[in-house]
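Student: Structure supplied as target.txt; contents: compact mmCIF, C-alpha atoms and all ligand atoms.
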```txt
# COMPACT_ATOMS: atom_id res chain seq x y z
CA MET A 1 31.10 -27.40 15.79
CA SER A 2 30.81 -27.92 12.03
CA GLU A 3 28.82 -25.46 9.97
CA LYS A 4 26.29 -28.16 9.27
CA SER A 5 25.60 -29.01 12.86
CA THR A 6 25.42 -25.31 13.72
CA SER A 7 22.77 -24.71 11.12
CA ARG A 8 20.92 -27.84 12.22
CA GLY A 9 21.03 -26.50 15.75
CA LEU A 10 19.62 -23.16 14.66
CA PHE A 11 16.90 -24.83 12.63
CA GLY A 12 16.02 -26.99 15.62
CA ARG A 13 15.70 -23.81 17.66
CA LEU A 14 13.45 -22.28 15.05
CA LYS A 15 11.27 -25.40 15.01
CA GLN A 16 11.07 -25.35 18.76
CA GLY A 17 10.31 -21.63 18.77
CA LEU A 18 7.46 -22.15 16.34
CA ALA A 19 6.17 -25.19 18.23
CA LYS A 20 2.73 -23.82 19.00
CA THR A 21 1.94 -22.91 15.43
CA ARG A 22 3.65 -26.03 14.12
CA THR A 23 1.56 -28.30 16.32
CA ARG A 24 -1.56 -26.71 14.95
CA PHE A 25 -0.40 -27.25 11.38
CA THR A 26 1.04 -30.73 11.69
CA ASP A 27 -1.85 -32.06 13.79
CA GLY A 28 -4.34 -30.63 11.34
CA LEU A 29 -2.42 -31.82 8.31
CA ALA A 30 -1.96 -35.28 9.78
CA ASP A 31 -5.71 -35.78 9.63
CA LEU A 32 -6.11 -34.11 6.27
CA VAL A 33 -3.31 -35.29 4.09
CA PHE A 34 -1.21 -37.88 5.86
CA GLY A 35 -4.07 -40.30 6.33
CA GLU A 36 -5.37 -42.75 3.77
CA LYS A 37 -8.17 -40.33 3.03
CA VAL A 38 -8.89 -39.47 -0.59
CA VAL A 39 -8.16 -35.80 -1.22
CA ASP A 40 -11.26 -33.98 -2.36
CA LEU A 41 -12.90 -30.59 -2.10
CA GLU A 42 -13.94 -31.37 1.46
CA THR A 43 -10.28 -31.76 2.35
CA LEU A 44 -9.69 -28.27 0.98
CA ASP A 45 -12.51 -26.92 3.15
CA ASP A 46 -10.88 -28.46 6.20
CA LEU A 47 -7.51 -27.10 5.15
CA GLU A 48 -9.04 -23.65 4.73
CA GLU A 49 -10.33 -23.79 8.29
CA LEU A 50 -6.94 -24.89 9.55
CA LEU A 51 -5.19 -21.98 7.82
CA LEU A 52 -7.70 -19.46 9.14
CA THR A 53 -7.31 -20.64 12.73
CA ALA A 54 -3.53 -20.19 12.48
CA ASP A 55 -4.13 -16.52 11.55
CA VAL A 56 -3.04 -16.94 7.95
CA GLY A 57 -5.86 -14.51 7.16
CA VAL A 58 -8.65 -14.61 4.62
CA GLU A 59 -6.70 -13.27 1.67
CA ALA A 60 -3.63 -15.51 1.97
CA THR A 61 -5.84 -18.50 2.76
CA GLN A 62 -7.84 -17.88 -0.41
CA GLN A 63 -4.65 -17.67 -2.46
CA ILE A 64 -3.49 -21.00 -1.09
CA ILE A 65 -6.83 -22.75 -1.51
CA VAL A 66 -7.34 -21.43 -5.06
CA ASP A 67 -3.87 -22.65 -5.99
CA LEU A 68 -4.53 -26.12 -4.58
CA HIS A 69 -8.02 -26.18 -6.09
CA ASP A 70 -6.56 -25.43 -9.53
CA ARG A 71 -4.07 -28.22 -9.15
CA LEU A 72 -6.73 -30.56 -7.83
CA GLY A 73 -8.85 -29.67 -10.82
CA ARG A 74 -5.99 -30.65 -13.07
CA SER A 75 -5.90 -33.87 -11.01
CA GLN A 76 -2.29 -33.48 -9.99
CA LEU A 77 -3.29 -33.97 -6.39
CA ASP A 78 -4.39 -37.53 -6.14
CA ASP A 79 -2.99 -38.21 -2.71
CA GLY A 80 -2.22 -36.56 0.58
CA GLN A 81 1.50 -36.39 -0.11
CA ALA A 82 0.89 -34.45 -3.31
CA VAL A 83 -1.32 -31.99 -1.42
CA TYR A 84 1.35 -31.62 1.22
CA LYS A 85 4.01 -30.94 -1.41
CA ALA A 86 1.83 -28.44 -3.26
CA LEU A 87 0.97 -26.69 0.00
CA HIS A 88 4.62 -26.52 0.96
CA GLU A 89 5.57 -25.06 -2.43
CA LYS A 90 2.78 -22.51 -2.45
CA MET A 91 3.46 -21.33 1.11
CA THR A 92 7.18 -20.96 0.45
CA ALA A 93 6.55 -19.04 -2.77
CA MET A 94 4.19 -16.67 -0.95
CA LEU A 95 6.77 -15.79 1.68
CA ALA A 96 9.77 -15.58 -0.65
CA PRO A 97 9.25 -11.92 -1.66
CA CYS A 98 9.33 -10.93 2.04
CA GLU A 99 12.76 -12.46 2.50
CA VAL A 100 14.95 -9.41 2.04
CA PRO A 101 17.94 -9.48 4.41
CA LEU A 102 18.85 -6.30 6.24
CA GLN A 103 21.81 -4.65 4.58
CA LEU A 104 23.56 -1.82 6.30
CA PRO A 105 24.06 1.19 4.02
CA ASP A 106 27.45 2.78 3.55
CA ALA A 107 26.34 5.81 5.54
CA ALA A 108 28.23 6.73 8.66
CA PRO A 109 26.37 6.14 10.82
CA ALA A 110 23.66 3.85 9.48
CA VAL A 111 20.45 4.82 11.27
CA ILE A 112 17.79 2.29 12.19
CA LEU A 113 14.60 3.61 13.75
CA MET A 114 12.44 1.15 15.68
CA VAL A 115 8.70 1.79 15.90
CA GLY A 116 5.61 -0.06 17.08
CA VAL A 117 2.96 -0.37 19.74
CA ASN A 118 3.70 -0.79 23.44
CA GLY A 119 5.21 -4.11 24.44
CA ALA A 120 5.79 -5.34 20.88
CA GLY A 121 9.46 -5.96 21.60
CA LYS A 122 11.21 -2.86 20.26
CA THR A 123 13.71 -2.42 23.07
CA THR A 124 14.47 -6.13 23.35
CA THR A 125 14.95 -6.35 19.59
CA ILE A 126 17.38 -3.42 19.75
CA GLY A 127 19.37 -5.28 22.38
CA LYS A 128 19.47 -8.44 20.27
CA LEU A 129 20.30 -6.52 17.10
CA SER A 130 23.12 -4.65 18.79
CA GLN A 131 24.75 -7.99 19.62
CA ARG A 132 24.31 -9.17 16.05
CA PHE A 133 25.87 -6.00 14.60
CA LEU A 134 28.76 -6.14 17.08
CA LYS A 135 29.43 -9.75 16.12
CA GLU A 136 29.55 -8.70 12.48
CA GLY A 137 32.28 -6.22 13.35
CA ASN A 138 30.27 -2.99 13.54
CA SER A 139 30.39 -0.41 16.29
CA VAL A 140 26.96 0.40 17.68
CA LEU A 141 25.33 3.22 19.64
CA LEU A 142 21.84 3.18 21.14
CA ALA A 143 19.53 6.20 21.29
CA ALA A 144 17.01 6.11 24.14
CA GLY A 145 14.16 7.73 22.24
CA ASP A 146 11.54 6.25 24.58
CA THR A 147 11.51 9.16 27.02
CA PHE A 148 7.96 8.44 28.11
CA ARG A 149 8.85 5.99 30.87
CA ALA A 150 11.99 6.12 33.01
CA ALA A 151 12.07 2.31 32.94
CA ALA A 152 12.41 2.35 29.17
CA SER A 153 15.74 4.12 29.12
CA GLU A 154 16.94 1.96 32.04
CA GLN A 155 16.04 -1.13 30.04
CA LEU A 156 18.06 0.17 27.10
CA GLN A 157 20.99 1.08 29.34
CA ALA A 158 20.96 -2.42 30.78
CA TRP A 159 21.36 -3.78 27.24
CA GLY A 160 24.13 -1.24 26.66
CA GLU A 161 25.98 -2.47 29.75
CA ARG A 162 25.51 -6.09 28.80
CA THR A 163 26.88 -5.57 25.31
CA GLY A 164 29.35 -2.78 26.08
CA VAL A 165 27.58 -0.39 23.73
CA PRO A 166 27.17 3.35 24.50
CA VAL A 167 23.65 4.63 25.16
CA ILE A 168 22.62 8.26 24.71
CA ALA A 169 19.73 9.11 27.02
CA GLN A 170 18.14 12.14 28.67
CA GLN A 171 15.63 12.77 31.45
CA PRO A 172 12.18 11.19 31.25
CA GLY A 173 9.90 13.57 29.40
CA ALA A 174 12.68 14.94 27.17
CA ASP A 175 11.89 15.50 23.50
CA PRO A 176 12.61 12.14 21.82
CA ALA A 177 13.58 13.84 18.55
CA ALA A 178 16.21 15.86 20.43
CA VAL A 179 17.57 12.76 22.19
CA ILE A 180 17.92 10.93 18.90
CA PHE A 181 19.52 13.96 17.19
CA ASP A 182 22.05 14.15 20.04
CA ALA A 183 22.75 10.46 19.64
CA LEU A 184 23.39 10.87 15.90
CA GLN A 185 25.89 13.67 16.54
CA ALA A 186 27.61 11.60 19.20
CA ALA A 187 27.76 8.63 16.83
CA GLN A 188 29.26 10.75 14.08
CA SER A 189 31.95 12.21 16.30
CA ARG A 190 32.81 8.72 17.63
CA ASN A 191 32.84 7.13 14.16
CA ILE A 192 30.09 4.72 15.07
CA ASP A 193 28.81 2.41 12.31
CA VAL A 194 25.21 1.83 13.42
CA VAL A 195 22.74 3.80 15.53
CA LEU A 196 19.68 1.96 16.79
CA ALA A 197 17.02 4.44 17.87
CA ASP A 198 14.36 3.31 20.32
CA THR A 199 10.96 5.02 20.51
CA SER A 200 8.00 4.86 22.89
CA GLY A 201 5.22 2.48 22.11
CA ARG A 202 2.24 4.16 20.53
CA LEU A 203 -1.05 3.01 19.17
CA HIS A 204 -1.39 3.70 15.50
CA THR A 205 -4.70 5.37 16.35
CA GLN A 206 -3.08 8.02 18.60
CA GLY A 207 -2.72 10.94 16.21
CA GLY A 208 -0.58 13.13 18.49
CA LEU A 209 1.92 10.37 19.11
CA MET A 210 2.05 9.50 15.43
CA ASP A 211 2.85 13.19 14.75
CA GLU A 212 5.68 12.92 17.27
CA LEU A 213 7.02 9.98 15.29
CA LYS A 214 6.85 12.00 12.07
CA LYS A 215 8.85 14.72 13.81
CA ILE A 216 11.48 12.19 14.90
CA ASN A 217 11.68 10.99 11.31
CA ARG A 218 12.07 14.56 9.99
CA VAL A 219 14.75 15.44 12.52
CA ILE A 220 16.76 12.35 11.60
CA GLY A 221 16.41 13.45 7.98
CA LYS A 222 17.90 16.84 8.89
CA PHE A 223 20.97 15.12 10.25
CA ASP A 224 21.39 13.02 7.10
CA GLU A 225 18.86 13.29 4.30
CA SER A 226 19.28 9.61 3.45
CA ALA A 227 18.38 8.65 7.05
CA PRO A 228 16.72 6.84 8.66
CA HIS A 229 18.06 4.06 6.46
CA GLU A 230 15.68 1.55 7.94
CA VAL A 231 12.43 2.08 9.81
CA LEU A 232 11.60 -1.26 11.40
CA LEU A 233 8.09 -1.85 12.65
CA VAL A 234 8.09 -4.37 15.48
CA VAL A 235 4.88 -6.39 15.72
CA ASP A 236 3.89 -9.01 18.30
CA ALA A 237 2.74 -12.15 16.47
CA GLY A 238 0.34 -12.80 19.34
CA ASN A 239 -1.66 -9.76 18.21
CA GLY A 240 -2.54 -11.64 15.05
CA GLN A 241 -4.31 -9.67 12.34
CA ASN A 242 -3.76 -6.36 14.21
CA ALA A 243 -0.27 -6.43 12.74
CA LEU A 244 -1.80 -5.53 9.38
CA SER A 245 -3.47 -2.30 10.53
CA GLN A 246 -0.32 -1.39 12.46
CA ALA A 247 1.78 -1.88 9.32
CA ARG A 248 -0.55 0.31 7.28
CA ALA A 249 -0.76 3.14 9.83
CA PHE A 250 2.94 3.24 10.73
CA GLY A 251 3.76 2.89 7.05
CA GLU A 252 1.69 5.96 6.20
CA ALA A 253 3.22 7.99 9.03
CA VAL A 254 6.91 7.19 8.66
CA GLY A 255 7.47 4.89 5.69
CA VAL A 256 8.22 1.56 7.30
CA THR A 257 10.97 -0.30 5.38
CA GLY A 258 10.65 -3.66 7.11
CA LEU A 259 9.02 -5.67 9.86
CA VAL A 260 10.26 -7.58 12.84
CA VAL A 261 7.71 -10.19 13.95
CA THR A 262 8.33 -11.06 17.60
CA LYS A 263 7.05 -13.57 20.14
CA LEU A 264 6.29 -16.26 17.58
CA ASP A 265 7.28 -18.68 20.33
CA GLY A 266 4.37 -17.68 22.52
CA THR A 267 1.58 -18.06 20.01
CA ALA A 268 -0.18 -20.39 17.58
CA LYS A 269 -0.74 -17.38 15.31
CA GLY A 270 2.44 -17.88 13.32
CA GLY A 271 0.32 -17.85 10.19
CA ILE A 272 0.34 -14.06 10.49
CA VAL A 273 3.49 -13.86 8.35
CA PHE A 274 1.45 -15.18 5.39
CA ALA A 275 -1.16 -12.47 5.93
CA ILE A 276 1.66 -9.92 6.04
CA ALA A 277 3.08 -11.32 2.80
CA ALA A 278 -0.28 -11.33 1.03
CA GLN A 279 -1.59 -7.98 2.22
CA ILE A 280 1.35 -5.79 3.21
CA GLY A 281 4.21 -7.12 1.15
CA LEU A 282 6.91 -5.41 3.23
CA PRO A 283 10.16 -7.27 3.90
CA ILE A 284 10.18 -9.28 7.12
CA LYS A 285 13.70 -8.53 8.27
CA PHE A 286 13.75 -10.60 11.44
CA ILE A 287 11.57 -12.91 13.48
CA GLY A 288 11.70 -13.38 17.24
CA VAL A 289 11.19 -16.94 18.47
CA GLY A 290 12.36 -16.58 22.05
CA GLU A 291 14.16 -14.48 24.64
CA GLY A 292 17.71 -15.44 23.67
CA VAL A 293 19.92 -13.38 21.37
CA GLU A 294 20.02 -16.27 18.86
CA ASP A 295 16.24 -16.28 18.88
CA LEU A 296 16.15 -13.16 16.76
CA ARG A 297 16.71 -14.62 13.30
CA PRO A 298 16.87 -13.22 9.81
CA PHE A 299 13.66 -14.32 8.11
CA SER A 300 13.99 -17.27 5.73
CA SER A 301 10.87 -18.31 3.82
CA ALA A 302 12.09 -21.88 3.25
CA ASP A 303 13.12 -22.40 6.87
CA TYR A 304 9.90 -20.90 8.13
CA VAL A 305 7.68 -23.18 6.06
CA ASP A 306 9.89 -26.19 6.80
CA ALA A 307 9.65 -25.47 10.51
CA LEU A 308 5.86 -25.20 10.34
CA LEU A 309 5.13 -28.20 8.19
CA THR A 310 7.68 -30.76 9.40
CA LYS A 311 6.90 -32.86 12.40
N1 LIG A 401 9.06 -14.94 24.21
C1 LIG A 401 9.47 -13.83 23.61
N2 LIG A 401 9.44 -12.68 24.28
C2 LIG A 401 9.84 -11.55 23.66
C3 LIG A 401 10.28 -11.55 22.30
N3 LIG A 401 10.60 -10.28 21.98
C4 LIG A 401 10.36 -9.52 23.07
N4 LIG A 401 9.89 -10.27 24.10
C5 LIG A 401 9.48 -9.85 25.44
O1 LIG A 401 8.38 -8.94 25.33
C6 LIG A 401 8.38 -8.01 26.42
C7 LIG A 401 8.26 -6.58 25.90
O2 LIG A 401 9.42 -6.26 25.18
P1 LIG A 401 9.98 -4.79 25.05
O3 LIG A 401 11.21 -4.88 24.23
O4 LIG A 401 10.10 -4.13 26.37
O5 LIG A 401 8.81 -4.10 24.21
P2 LIG A 401 8.69 -2.58 23.73
O6 LIG A 401 7.65 -1.95 24.61
O7 LIG A 401 8.20 -2.66 22.31
O8 LIG A 401 10.03 -1.96 23.83
C8 LIG A 401 9.68 -8.26 27.18
O9 LIG A 401 9.38 -9.02 28.31
C9 LIG A 401 10.52 -9.07 26.20
O10 LIG A 401 11.42 -9.93 26.83
C10 LIG A 401 10.28 -12.81 21.60
O11 LIG A 401 10.62 -12.92 20.41
N5 LIG A 401 9.86 -13.90 22.31
MG MG A 402 10.60 -0.29 24.86
```
Let me see the file written as structure tokens.
Tutor:
Amino acid sequence: MSEKSTSRGLFGRLKQGLAKTRTRFTDGLADLVFGEKVVDLETLDDLEELLLTADVGVEATQQIIVDLHDRLGRSQLDDGQAVYKALHEKMTAMLAPCEVPLQLPDAAPAVILMVGVNGAGKTTTIGKLSQRFLKEGNSVLLAAGDTFRAAASEQLQAWGERTGVPVIAQQPGADPAAVIFDALQAAQSRNIDVVLADTSGRLHTQGGLMDELKKINRVIGKFDESAPHEVLLVVDAGNGQNALSQARAFGEAVGVTGLVVTKLDGTAKGGIVFAIAAQIGLPIKFIGVGEGVEDLRPFSSADYVDALLTK
């Protein structure tokens, strides 16, 4: 397959993954800007409503509307196509600062800590990431830091078996910081390139569990003071605006370095990435648009907006 057709295939997958949000956008936009209708302030009101219902959030929506309003005021937007183009430009520009690809540090091993609420997709994302890193020529080891449920470490071990990656685990109820420390030592002695550390889901409002996460973070820092090199907060797009409070709380506790936004395929709330861009400003390292390994994609602002706004 040529490079071109591969990338077209991946883009098609992204479009399909974002179908629910895209339908909301393109259906709404079809009425607003693709018709013969004259573009006026009422159109902007309707557009505002459309953005809000796709979970773009009040702040990001205001930024977009103000930008279009300014342009409309300068009468650059005399037709629907011009509005569409301006909207496309503004939305891409808003997301661009969040497009910061994950770069593995030179450390041996590179340590990536995954955090987030229950069911967000941490363990699944670890499985998908381990395949990505392997493909890129790195050796990988998984640390089963979710010791809360027996099923959690089994789920991680199943990924380990599937990908042929070692998993360091202990009994349910073991101290997660100790499990992860063990895993780091094992990785070092085996010359492993990347350690992906899983953790139990916790609500950002559960103080005790957030303290446990801080301890995990400290213990990793004792192993290597530059670690963890990435702390990735996994958020479920279907939870909409809750992602923002999660990002703030986890950020305060352990210094989140980037986000993974999962399950965009199951929701029409794909606008949440704009709210994240406007109010959190952290890099979005990956997005999940399905169950397959290829459905965890590095975040691209241009592709994302293209996939949302093209029929
Ligand atoms: N459709 C879809 N499902 C996902 C995605 N990411 C994770 N899941 C599913 O979400 C569920 C919870 O994932 P899991 O990794 O166990 O969450 P954790 O509790 O954060 O570790 C599983 O059934 C996953 O298959 C995604 O991007 N799209
Ligand atoms: Mg899990």
Student: Residues within 6 Å of ligand LIG 401 (chain A) (only C-alpha atoms and all ligand atoms), as a VMD selection string?
Tutor: chain A and resid 118 to 124 201 262 to 263 265 to 266 288 to 291
Student: When you count only C-alpha atoms and all ligand atoms, which of these residues is closest to ligand MG 402 (chain A): A:Ala143, A:Val254, A:Val56, A:Met94?
Tutor: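 The shortest atom-to-atom distance to ligand MG 402 (chain A) comes from A:Ala143.
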Student: Excluding Leu32 in chain A and any residue of its chain fewer than 4 positions from it, enumerate the residues within 10 Å of it, using all atoms listed in the file, and give them as a ChimeraX atom specification.
Tutor: /A:26-28,36-39,42-44,46-47,50,80,83-84
Student: What does the list of residues within 12 Å of ligand MG 402 (chain A) look like if you count all atoms listed in the file, written as a PyMOL selection string?
Tutor: chain A and resi 114-127+143-157+159+197-202+234
Student: Take the selection from the previous step and output its residues with C-alpha atoms, as an mmCIF file, keeping the file's coordinate frame.
Tutor:
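As written to disk, out06.cif reads:
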```
data_model
loop_
_atom_site.group_PDB
_atom_site.id
_atom_site.type_symbol
_atom_site.label_atom_id
_atom_site.label_comp_id
_atom_site.auth_asym_id
_atom_site.auth_seq_id
_atom_site.Cartn_x
_atom_site.Cartn_y
_atom_site.Cartn_z
ATOM 1 C CA MET A 114 12.440 1.150 15.680
ATOM 2 C CA VAL A 115 8.700 1.790 15.900
ATOM 3 C CA GLY A 116 5.610 -0.060 17.080
ATOM 4 C CA VAL A 117 2.960 -0.370 19.740
ATOM 5 C CA ASN A 118 3.700 -0.790 23.440
ATOM 6 C CA GLY A 119 5.210 -4.110 24.440
ATOM 7 C CA ALA A 120 5.790 -5.340 20.880
ATOM 8 C CA GLY A 121 9.460 -5.960 21.600
ATOM 9 C CA LYS A 122 11.210 -2.860 20.260
ATOM 10 C CA THR A 123 13.710 -2.420 23.070
ATOM 11 C CA THR A 124 14.470 -6.130 23.350
ATOM 12 C CA THR A 125 14.950 -6.350 19.590
ATOM 13 C CA ILE A 126 17.380 -3.420 19.750
ATOM 14 C CA GLY A 127 19.370 -5.280 22.380
ATOM 15 C CA ALA A 143 19.530 6.200 21.290
ATOM 16 C CA ALA A 144 17.010 6.110 24.140
ATOM 17 C CA GLY A 145 14.160 7.730 22.240
ATOM 18 C CA ASP A 146 11.540 6.250 24.580
ATOM 19 C CA THR A 147 11.510 9.160 27.020
ATOM 20 C CA PHE A 148 7.960 8.440 28.110
ATOM 21 C CA ARG A 149 8.850 5.990 30.870
ATOM 22 C CA ALA A 150 11.990 6.120 33.010
ATOM 23 C CA ALA A 151 12.070 2.310 32.940
ATOM 24 C CA ALA A 152 12.410 2.350 29.170
ATOM 25 C CA SER A 153 15.740 4.120 29.120
ATOM 26 C CA GLU A 154 16.940 1.960 32.040
ATOM 27 C CA GLN A 155 16.040 -1.130 30.040
ATOM 28 C CA LEU A 156 18.060 0.170 27.100
ATOM 29 C CA GLN A 157 20.990 1.080 29.340
ATOM 30 C CA TRP A 159 21.360 -3.780 27.240
ATOM 31 C CA ALA A 197 17.020 4.440 17.870
ATOM 32 C CA ASP A 198 14.360 3.310 20.320
ATOM 33 C CA THR A 199 10.960 5.020 20.510
ATOM 34 C CA SER A 200 8.000 4.860 22.890
ATOM 35 C CA GLY A 201 5.220 2.480 22.110
ATOM 36 C CA ARG A 202 2.240 4.160 20.530
ATOM 37 C CA VAL A 234 8.090 -4.370 15.480
#
```
Student: Rank nothing, just name the residue among A:His229, A:Arg162, A:Lys311, A:Arg248 nearest to Pro105 in chain A, using all atoms listed in the file.
Tutor: A:His229
Student: In Å, with one decimal, what is the gap from CA of Leu68 in chain A to CA of Ala86 in chain A?
Tutor: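 That distance, rounded to one decimal, is 6.9 Å.
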Student: What is the CA of Ala183 in chain A-CA of Ser130 in chain A distance in Å, reported with one decimal?
Tutor: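 Here the two named atoms are 15.1 Å from each other.
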Student: I want to know what sits within 8 Å of Gly57 in chain A, based on only C-alpha atoms, with residues of the same chain fewer than 4 positions away left out; could you give that as a list in words?
Tutor: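 Counting only C-alpha atoms, the residues come to Leu51, Leu52, Thr61, Gln241, Gly271, Ile272, Phe274 and Ala275 of chain A.
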Student: Would you list the contacts of Val165 in chain A as a list in words, taking every protein, DNA or RNA residue within 8 Å and counting only C-alpha atoms, but skipping same-chain residues closer than 2 positions in sequence?
Tutor: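 What passes the distance filter is Ser130, Ser139, Val140, Leu141, Leu142, Trp159, Gly160, Glu161, Arg162, Thr163 and Val167 of chain A.
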Student: With 5 Å of padding per side, what axis-aligned box (centre and edge lengths, Å, one decimal) covers all the listed atoms of range 211-225 of chain A? Give it as lines of an AutoDock Vina configuration file.
Tutor:
```
center_x = 12.1
center_y = 13.4
center_z = 10.8
size_x = 28.5
size_y = 16.9
size_z = 23.0
```
Student: Restricting the calculation to all atoms listed in the file, which member of A:Glu59, A:Phe133, A:Gly251, A:Glu48 is positioned closest to Gln103 in chain A?
Tutor: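 Selected residue with least distance to Gln103 in chain A: A:Phe133.
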Student: Quick one: distance from CA of Gly221 in chain A to CA of Leu209 in chain A in Å, one decimal?
Tutor: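 It comes out at 18.5 Å.
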Student: Rank nothing, just name the residue among A:Val100, A:Ala158, A:Leu309, A:Ala169 nearest to Ile284 in chain A, using all atoms listed in the file.
Tutor: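 Looking at the shortest contact to Ile284 in chain A, the residue is A:Val100.
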Student: Could you give me, as a PyMOL selection string, the residues within 8 Å of Leu18 in chain A, counting all atoms listed in the file and dropping anything in the same chain fewer than 4 positions from it?
Tutor: chain A and resi 14+22+264-265+268+270+289+307-308
Student: Pull C-alpha atoms from the residues just selected and write them as a PDB file, keeping the file's coordinate frame.
Tutor:
```
ATOM      1  CA  LEU A  14      13.450 -22.280  15.050  1.00  0.00           C
ATOM      2  CA  ARG A  22       3.650 -26.030  14.120  1.00  0.00           C
ATOM      3  CA  LEU A 264       6.290 -16.260  17.580  1.00  0.00           C
ATOM      4  CA  ASP A 265       7.280 -18.680  20.330  1.00  0.00           C
ATOM      5  CA  ALA A 268      -0.180 -20.390  17.580  1.00  0.00           C
ATOM      6  CA  GLY A 270       2.440 -17.880  13.320  1.00  0.00           C
ATOM      7  CA  VAL A 289      11.190 -16.940  18.470  1.00  0.00           C
ATOM      8  CA  ALA A 307       9.650 -25.470  10.510  1.00  0.00           C
ATOM      9  CA  LEU A 308       5.860 -25.200  10.340  1.00  0.00           C
TER      10      LEU A 308
END
```
Student: So that I can see what lies close to Phe299 in chain A, please list as a list in words the residues with an atom at most 6 Å from it, counting all atoms listed in the file and leaving out residues fewer than 4 positions away in the same chain.
Tutor: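 The neighbour list is Glu99, Lys285, Phe286 and Ile287 of chain A.
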Student: Find, counting all atoms listed in the file, the residue in A:Leu282, A:Ala237, A:Ile216, A:Val58 that gets nearest to Ala253 in chain A.
Tutor: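 The shortest atom-to-atom distance to Ala253 in chain A comes from A:Ile216.
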Student: Between A:Leu10, A:Met91, A:Ala177, A:Ala54, single out the one closest to Lys269 in chain A, counting all atoms listed in the file.
Tutor: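 Checking each candidate against Lys269 in chain A, we get A:Ala54 as the closest.
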Student: Would you mind putting back N, CA, C and O atoms on range 50-61 of chain A, then writing it out as an mmCIF file, keeping the file's coordinate frame?
Tutor:
```cif
data_model
loop_
_atom_site.group_PDB
_atom_site.id
_atom_site.type_symbol
_atom_site.label_atom_id
_atom_site.label_comp_id
_atom_site.auth_asym_id
_atom_site.auth_seq_id
_atom_site.Cartn_x
_atom_site.Cartn_y
_atom_site.Cartn_z
ATOM 1 N N LEU A 50 -8.209 -24.783 8.826
ATOM 2 C CA LEU A 50 -6.940 -24.890 9.550
ATOM 3 C C LEU A 50 -6.087 -23.635 9.357
ATOM 4 O O LEU A 50 -5.529 -23.078 10.306
ATOM 5 N N LEU A 51 -6.005 -23.162 8.116
ATOM 6 C CA LEU A 51 -5.190 -21.980 7.820
ATOM 7 C C LEU A 51 -5.746 -20.746 8.534
ATOM 8 O O LEU A 51 -5.010 -19.950 9.111
ATOM 9 N N LEU A 52 -7.066 -20.629 8.516
ATOM 10 C CA LEU A 52 -7.700 -19.460 9.140
ATOM 11 C C LEU A 52 -7.454 -19.448 10.651
ATOM 12 O O LEU A 52 -7.194 -18.394 11.227
ATOM 13 N N THR A 53 -7.491 -20.623 11.281
ATOM 14 C CA THR A 53 -7.310 -20.640 12.730
ATOM 15 C C THR A 53 -5.854 -20.377 13.120
ATOM 16 O O THR A 53 -5.575 -20.041 14.263
ATOM 17 N N ALA A 54 -4.931 -20.517 12.178
ATOM 18 C CA ALA A 54 -3.530 -20.190 12.480
ATOM 19 C C ALA A 54 -3.217 -18.746 12.085
ATOM 20 O O ALA A 54 -2.052 -18.364 11.965
ATOM 21 N N ASP A 55 -4.270 -17.939 11.870
ATOM 22 C CA ASP A 55 -4.130 -16.520 11.550
ATOM 23 C C ASP A 55 -3.452 -16.239 10.204
ATOM 24 O O ASP A 55 -2.846 -15.188 10.020
ATOM 25 N N VAL A 56 -3.581 -17.175 9.287
ATOM 26 C CA VAL A 56 -3.040 -16.940 7.950
ATOM 27 C C VAL A 56 -3.827 -15.809 7.257
ATOM 28 O O VAL A 56 -3.292 -15.110 6.392
ATOM 29 N N GLY A 57 -5.072 -15.614 7.700
ATOM 30 C CA GLY A 57 -5.860 -14.510 7.160
ATOM 31 C C GLY A 57 -6.631 -14.938 5.926
ATOM 32 O O GLY A 57 -6.231 -15.848 5.213
ATOM 33 N N VAL A 58 -7.736 -14.209 5.688
ATOM 34 C CA VAL A 58 -8.650 -14.610 4.620
ATOM 35 C C VAL A 58 -7.975 -14.556 3.257
ATOM 36 O O VAL A 58 -8.070 -15.489 2.462
ATOM 37 N N GLU A 59 -7.251 -13.471 3.012
ATOM 38 C CA GLU A 59 -6.700 -13.270 1.670
ATOM 39 C C GLU A 59 -5.644 -14.331 1.327
ATOM 40 O O GLU A 59 -5.694 -14.951 0.262
ATOM 41 N N ALA A 60 -4.699 -14.532 2.232
ATOM 42 C CA ALA A 60 -3.630 -15.510 1.970
ATOM 43 C C ALA A 60 -4.215 -16.918 1.909
ATOM 44 O O ALA A 60 -3.802 -17.735 1.089
ATOM 45 N N THR A 61 -5.202 -17.180 2.774
ATOM 46 C CA THR A 61 -5.840 -18.500 2.760
ATOM 47 C C THR A 61 -6.488 -18.748 1.403
ATOM 48 O O THR A 61 -6.331 -19.813 0.802
#
```
